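S.K.: Here you go, this is entry.tsv (TSV, N, CA and C atoms and all ligand atoms).
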chain	number	residue	atom	x	y	z
A	134	MET	N	18.17	-27.59	-8.81
A	134	MET	CA	17.70	-26.78	-7.67
A	134	MET	C	16.56	-27.51	-6.94
A	135	ASP	N	16.71	-27.68	-5.66
A	135	ASP	CA	15.63	-28.37	-4.95
A	135	ASP	C	14.55	-27.37	-4.51
A	136	LEU	N	13.47	-27.91	-4.02
A	136	LEU	CA	12.31	-27.08	-3.69
A	136	LEU	C	12.63	-26.02	-2.64
A	137	ALA	N	13.39	-26.41	-1.63
A	137	ALA	CA	13.68	-25.50	-0.53
A	137	ALA	C	14.43	-24.26	-1.01
A	138	SER	N	15.42	-24.45	-1.86
A	138	SER	CA	16.20	-23.29	-2.31
A	138	SER	C	15.39	-22.45	-3.30
A	139	MET	N	14.49	-23.09	-4.04
A	139	MET	CA	13.62	-22.32	-4.92
A	139	MET	C	12.74	-21.38	-4.10
A	140	GLU	N	12.25	-21.90	-3.01
A	140	GLU	CA	11.38	-21.11	-2.16
A	140	GLU	C	12.14	-19.91	-1.59
A	141	THR	N	13.39	-20.14	-1.19
A	141	THR	CA	14.22	-19.06	-0.67
A	141	THR	C	14.39	-17.98	-1.72
A	142	CYS	N	14.60	-18.41	-2.96
A	142	CYS	CA	14.77	-17.49	-4.08
A	142	CYS	C	13.55	-16.57	-4.22
A	143	VAL	N	12.39	-17.18	-4.21
A	143	VAL	CA	11.15	-16.42	-4.37
A	143	VAL	C	10.99	-15.43	-3.23
A	144	ARG	N	11.29	-15.87	-2.03
A	144	ARG	CA	11.15	-14.98	-0.86
A	144	ARG	C	12.08	-13.77	-0.99
A	145	THR	N	13.30	-14.01	-1.46
A	145	THR	CA	14.27	-12.91	-1.59
A	145	THR	C	13.74	-11.87	-2.57
A	146	VAL	N	13.20	-12.32	-3.68
A	146	VAL	CA	12.67	-11.39	-4.67
A	146	VAL	C	11.52	-10.60	-4.08
A	147	GLU	N	10.65	-11.26	-3.37
A	147	GLU	CA	9.52	-10.58	-2.75
A	147	GLU	C	9.99	-9.52	-1.77
A	148	ASN	N	11.00	-9.84	-0.97
A	148	ASN	CA	11.52	-8.89	0.01
A	148	ASN	C	12.08	-7.65	-0.66
A	149	GLN	N	12.81	-7.85	-1.74
A	149	GLN	CA	13.40	-6.71	-2.45
A	149	GLN	C	12.30	-5.81	-2.99
A	150	GLU	N	11.27	-6.42	-3.56
A	150	GLU	CA	10.17	-5.63	-4.12
A	150	GLU	C	9.47	-4.83	-3.04
A	151	SER	N	9.19	-5.47	-1.93
A	151	SER	CA	8.43	-4.77	-0.90
A	151	SER	C	9.26	-3.65	-0.28
A	152	LYS	N	10.57	-3.81	-0.22
A	152	LYS	CA	11.43	-2.74	0.30
A	152	LYS	C	11.40	-1.54	-0.62
A	153	ALA	N	11.41	-1.80	-1.93
A	153	ALA	CA	11.43	-0.71	-2.89
A	153	ALA	C	10.09	0.01	-2.93
A	154	GLN	N	9.03	-0.74	-2.84
A	154	GLN	CA	7.71	-0.14	-3.02
A	154	GLN	C	7.22	0.55	-1.76
A	155	ARG	N	7.46	-0.04	-0.62
A	155	ARG	CA	6.95	0.57	0.61
A	155	ARG	C	7.99	0.47	1.71
A	156	GLU	N	8.24	1.61	2.32
A	156	GLU	CA	9.27	1.63	3.35
A	156	GLU	C	8.71	1.22	4.70
A	157	THR	N	7.43	1.44	4.89
A	157	THR	CA	6.83	1.09	6.17
A	157	THR	C	5.71	0.09	5.95
A	158	ALA	N	5.40	-0.65	6.99
A	158	ALA	CA	4.30	-1.60	6.91
A	158	ALA	C	2.98	-0.86	6.78
A	159	MET	N	2.15	-1.36	5.89
A	159	MET	CA	0.85	-0.74	5.72
A	159	MET	C	-0.20	-1.67	6.32
A	160	THR	N	-0.32	-1.57	7.63
A	160	THR	CA	-1.26	-2.44	8.34
A	160	THR	C	-2.22	-1.59	9.16
A	161	THR	N	-3.27	-2.20	9.63
A	161	THR	CA	-4.27	-1.51	10.44
A	161	THR	C	-3.61	-0.73	11.58
A	162	GLY	N	-3.94	0.56	11.66
A	162	GLY	CA	-3.41	1.39	12.74
A	162	GLY	C	-2.21	2.22	12.33
A	163	GLN	N	-1.53	1.86	11.22
A	163	GLN	CA	-0.38	2.63	10.76
A	163	GLN	C	-0.85	3.89	10.03
A	164	ASP	N	0.02	4.89	10.01
A	164	ASP	CA	-0.32	6.12	9.28
A	164	ASP	C	-0.24	5.89	7.78
A	165	VAL	N	-1.17	6.49	7.07
A	165	VAL	CA	-1.15	6.42	5.61
A	165	VAL	C	-0.14	7.43	5.08
A	166	ARG	N	0.75	6.99	4.20
A	166	ARG	CA	1.81	7.88	3.69
A	166	ARG	C	1.45	8.54	2.37
A	167	GLU	N	0.56	7.91	1.59
A	167	GLU	CA	0.16	8.56	0.36
A	167	GLU	C	-1.27	8.24	0.01
A	168	LEU	N	-1.91	9.24	-0.60
A	168	LEU	CA	-3.29	9.11	-1.02
A	168	LEU	C	-3.38	8.03	-2.08
A	169	GLY	N	-4.32	7.12	-1.92
A	169	GLY	CA	-4.44	6.09	-2.92
A	169	GLY	C	-5.59	5.15	-2.64
A	170	LEU	N	-5.80	4.29	-3.63
A	170	LEU	CA	-6.78	3.23	-3.48
A	170	LEU	C	-6.03	2.01	-2.94
A	171	TYR	N	-6.45	1.53	-1.80
A	171	TYR	CA	-5.77	0.41	-1.15
A	171	TYR	C	-6.68	-0.81	-1.13
A	172	MET	N	-6.04	-1.99	-1.12
A	172	MET	CA	-6.80	-3.23	-1.11
A	172	MET	C	-6.35	-4.07	0.07
A	173	SER	N	-7.30	-4.58	0.84
A	173	SER	CA	-6.94	-5.40	2.00
A	173	SER	C	-6.46	-6.77	1.54
A	174	ASN	N	-5.43	-7.25	2.21
A	174	ASN	CA	-4.84	-8.54	1.82
A	174	ASN	C	-5.79	-9.71	2.07
A	175	CYS	N	-6.64	-9.56	3.09
A	175	CYS	CA	-7.48	-10.70	3.48
A	175	CYS	C	-8.68	-10.88	2.55
A	176	CYS	N	-9.34	-9.78	2.19
A	176	CYS	CA	-10.60	-9.89	1.45
A	176	CYS	C	-10.60	-9.15	0.11
A	177	ASN	N	-9.47	-8.52	-0.22
A	177	ASN	CA	-9.42	-7.70	-1.44
A	177	ASN	C	-10.48	-6.60	-1.43
A	178	ALA	N	-10.76	-6.06	-0.25
A	178	ALA	CA	-11.70	-4.95	-0.15
A	178	ALA	C	-10.97	-3.67	-0.50
A	179	GLU	N	-11.56	-2.85	-1.36
A	179	GLU	CA	-10.91	-1.63	-1.83
A	179	GLU	C	-11.39	-0.43	-1.03
A	180	VAL	N	-10.43	0.34	-0.52
A	180	VAL	CA	-10.74	1.54	0.26
A	180	VAL	C	-9.76	2.63	-0.14
A	181	ILE	N	-10.24	3.86	-0.21
A	181	ILE	CA	-9.36	5.00	-0.46
A	181	ILE	C	-8.94	5.60	0.87
A	182	PHE	N	-7.62	5.72	1.08
A	182	PHE	CA	-7.09	6.38	2.28
A	182	PHE	C	-6.30	7.60	1.85
A	183	GLY	N	-6.38	8.65	2.64
A	183	GLY	CA	-5.58	9.85	2.40
A	183	GLY	C	-4.46	9.95	3.41
A	184	VAL	N	-3.58	10.95	3.23
A	184	VAL	CA	-2.39	11.06	4.07
A	184	VAL	C	-2.70	11.39	5.53
A	185	SER	N	-3.86	11.96	5.82
A	185	SER	CA	-4.17	12.29	7.21
A	185	SER	C	-4.87	11.13	7.92
A	186	ASP	N	-5.13	10.06	7.17
A	186	ASP	CA	-5.81	8.89	7.75
A	186	ASP	C	-4.80	7.92	8.33
A	187	CYS	N	-5.32	6.94	9.08
A	187	CYS	CA	-4.51	5.77	9.36
A	187	CYS	C	-5.30	4.56	8.84
A	188	PHE	N	-4.56	3.51	8.54
A	188	PHE	CA	-5.22	2.35	7.94
A	188	PHE	C	-6.24	1.76	8.90
A	189	SER	N	-7.43	1.52	8.41
A	189	SER	CA	-8.49	0.98	9.24
A	189	SER	C	-8.45	-0.55	9.21
A	190	ARG	N	-9.37	-1.13	9.95
A	190	ARG	CA	-9.56	-2.56	9.82
A	190	ARG	C	-10.19	-2.85	8.47
A	191	CYS	N	-10.15	-4.10	8.09
A	191	CYS	CA	-10.79	-4.51	6.84
A	191	CYS	C	-12.29	-4.27	6.96
A	192	PRO	N	-12.88	-3.54	5.99
A	192	PRO	CA	-14.31	-3.25	6.07
A	192	PRO	C	-15.18	-4.48	5.86
A	193	ASN	N	-14.59	-5.50	5.32
A	193	ASN	CA	-15.36	-6.71	5.00
A	193	ASN	C	-15.44	-7.67	6.18
A	194	CYS	N	-14.28	-8.03	6.75
A	194	CYS	CA	-14.27	-9.00	7.85
A	194	CYS	C	-13.99	-8.34	9.19
A	195	GLU	N	-13.72	-7.01	9.16
A	195	GLU	CA	-13.45	-6.23	10.37
A	195	GLU	C	-12.25	-6.74	11.16
A	196	GLY	N	-11.36	-7.43	10.50
A	196	GLY	CA	-10.15	-7.91	11.15
A	196	GLY	C	-8.99	-6.98	10.90
A	197	LEU	N	-7.93	-7.12	11.71
A	197	LEU	CA	-6.69	-6.41	11.43
A	197	LEU	C	-6.14	-6.96	10.13
A	198	CYS	N	-5.64	-6.08	9.28
A	198	CYS	CA	-5.18	-6.59	7.99
A	198	CYS	C	-4.03	-5.75	7.46
A	199	ARG	N	-3.44	-6.23	6.39
A	199	ARG	CA	-2.41	-5.50	5.67
A	199	ARG	C	-3.05	-4.91	4.43
A	200	TRP	N	-2.59	-3.73	4.07
A	200	TRP	CA	-3.13	-3.05	2.90
A	200	TRP	C	-2.06	-2.92	1.82
A	201	ASP	N	-2.45	-3.18	0.61
A	201	ASP	CA	-1.56	-2.98	-0.53
A	201	ASP	C	-2.05	-1.77	-1.32
A	202	LEU	N	-1.08	-0.96	-1.76
A	202	LEU	CA	-1.44	0.18	-2.60
A	202	LEU	C	-1.84	-0.35	-3.97
A	203	GLU	N	-3.07	-0.09	-4.33
A	203	GLU	CA	-3.60	-0.59	-5.60
A	203	GLU	C	-3.36	0.45	-6.69
A	204	GLU	N	-3.66	1.69	-6.35
A	204	GLU	CA	-3.54	2.76	-7.34
A	204	GLU	C	-3.26	4.07	-6.63
A	205	GLU	N	-2.22	4.77	-7.06
A	205	GLU	CA	-1.93	6.07	-6.46
A	205	GLU	C	-2.94	7.09	-6.97
A	206	LEU	N	-3.39	7.94	-6.10
A	206	LEU	CA	-4.31	8.99	-6.50
A	206	LEU	C	-3.61	10.33	-6.30
A	207	ILE	N	-3.99	11.30	-7.11
A	207	ILE	CA	-3.40	12.63	-6.99
A	207	ILE	C	-4.44	13.57	-6.43
A	208	SER	N	-4.09	14.25	-5.36
A	208	SER	CA	-5.03	15.17	-4.72
A	208	SER	C	-5.11	16.46	-5.53
A	209	TRP	N	-6.17	17.22	-5.30
A	209	TRP	CA	-6.33	18.50	-6.00
A	209	TRP	C	-5.17	19.43	-5.65
A	210	GLU	N	-4.72	19.39	-4.42
A	210	GLU	CA	-3.61	20.25	-4.02
A	210	GLU	C	-2.37	19.94	-4.85
A	211	GLN	N	-2.11	18.64	-5.02
A	211	GLN	CA	-0.94	18.24	-5.80
A	211	GLN	C	-1.06	18.69	-7.26
A	212	LEU	N	-2.27	18.52	-7.81
A	212	LEU	CA	-2.50	18.90	-9.20
A	212	LEU	C	-2.22	20.39	-9.38
A	213	GLN	N	-2.72	21.18	-8.43
A	213	GLN	CA	-2.54	22.62	-8.53
A	213	GLN	C	-1.06	23.00	-8.41
A	214	GLU	N	-0.36	22.32	-7.53
A	214	GLU	CA	1.08	22.58	-7.38
A	214	GLU	C	1.82	22.29	-8.68
A	215	GLU	N	1.46	21.17	-9.31
A	215	GLU	CA	2.13	20.81	-10.55
A	215	GLU	C	1.87	21.83	-11.64
A	216	GLU	N	0.65	22.35	-11.69
A	216	GLU	CA	0.31	23.35	-12.69
A	216	GLU	C	1.12	24.61	-12.47
A	217	VAL	N	1.29	24.98	-11.21
A	217	VAL	CA	2.06	26.18	-10.89
A	217	VAL	C	3.52	25.99	-11.33
A	218	GLU	N	4.06	24.79	-11.05
A	218	GLU	CA	5.45	24.53	-11.42
A	218	GLU	C	5.64	24.56	-12.93
A	219	ALA	N	4.64	24.05	-13.67
A	219	ALA	CA	4.75	23.98	-15.12
A	219	ALA	C	4.67	25.38	-15.75
A	220	ALA	N	3.97	26.28	-15.11
A	220	ALA	CA	3.74	27.61	-15.71
A	220	ALA	C	4.99	28.48	-15.64
B	1	ZN	ZN	-10.91	-8.95	5.46
Represent the structure contained in this file as structure tokens.
M.R.:
Amino acid sequence: MDLASMETCVRTVENQESKAQRETAMTTGQDVRELGLYMSNCCNAEVIFGVSDCFSRCPNCEGLCRWDLEEELISWEQLQEEEVEAA
């Protein structure tokens, strides 16, 4: 396998993962789809966004950036709903 086809392989895997994990681009100005701790791709700055927010610029370099979901957070409303369902 030469270098070029190896690179294609890696790209394909990355594309599949990103399709499964996120349906929409998580970039500055886009709506936040789920509450969580997000990390900016440029500076690894961690910010918590909620569903009523839209992704901000990177707080570190103030540039437009892409955000990766670092950790999903559960809101109090969700917790209460789950408790009701369990009861
Ligand atoms: Zn940045």
S.K.: If I take atom C of Tyr171 (chain A) and CA of Trp209 (chain A), how far is one from the other in Å, to one decimal?
M.R.: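 Between these atoms lies a distance of 19.9 Å.
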S.K.: Using all atoms listed in the file, which residues of the polymer chains come no farther than 6.5 Å from ligand ZN 1 (chain B)? I'd like the answer as a ChimeraX atom specification.
M.R.: /A:173-178,191-196
S.K.: With only C-alpha atoms as the atoms that count, which of A:Val165, A:Met159, A:Val184, A:Met172 lies nearest to Ser208 (chain A)?
M.R.: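 Among the listed residues, the smallest separation from Ser208 (chain A) belongs to A:Val184.
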S.K.: With distances taken over only C-alpha atoms, which of A:Glu179, A:Glu167, A:Glu216, A:Asp135 is nearest to Glu203 (chain A)?
M.R.: A:Glu179
S.K.: One number please: atom N of Cys187 (chain A) to CA of Arg166 (chain A), in Å, one decimal.
M.R.: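 A separation of 9.0 Å between them.
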S.K.: As an exercise, work out the distance from CA of Glu210 (chain A) to CA of Phe188 (chain A) in Å and give it to one decimal place.
M.R.: 21.6 Å
S.K.: For Glu205 (chain A), which of A:Ser185, A:Glu218, A:Val180, A:Leu168 is the closest residue, counting all atoms listed in the file?
M.R.: A:Leu168
S.K.: In terms of the shortest atom-to-atom distance over only N, CA and C atoms, which of A:Gln211, A:Val217, A:Trp200, A:Leu206 is closest to Ala158 (chain A)?
M.R.: A:Trp200
S.K.: Residues of region 157-193 of chain A in strand (DSSP E) according to DSSP, as JSON, numbers by chain?
M.R.: {"A": [169, 170, 171, 172, 173, 179, 180, 181, 182]}
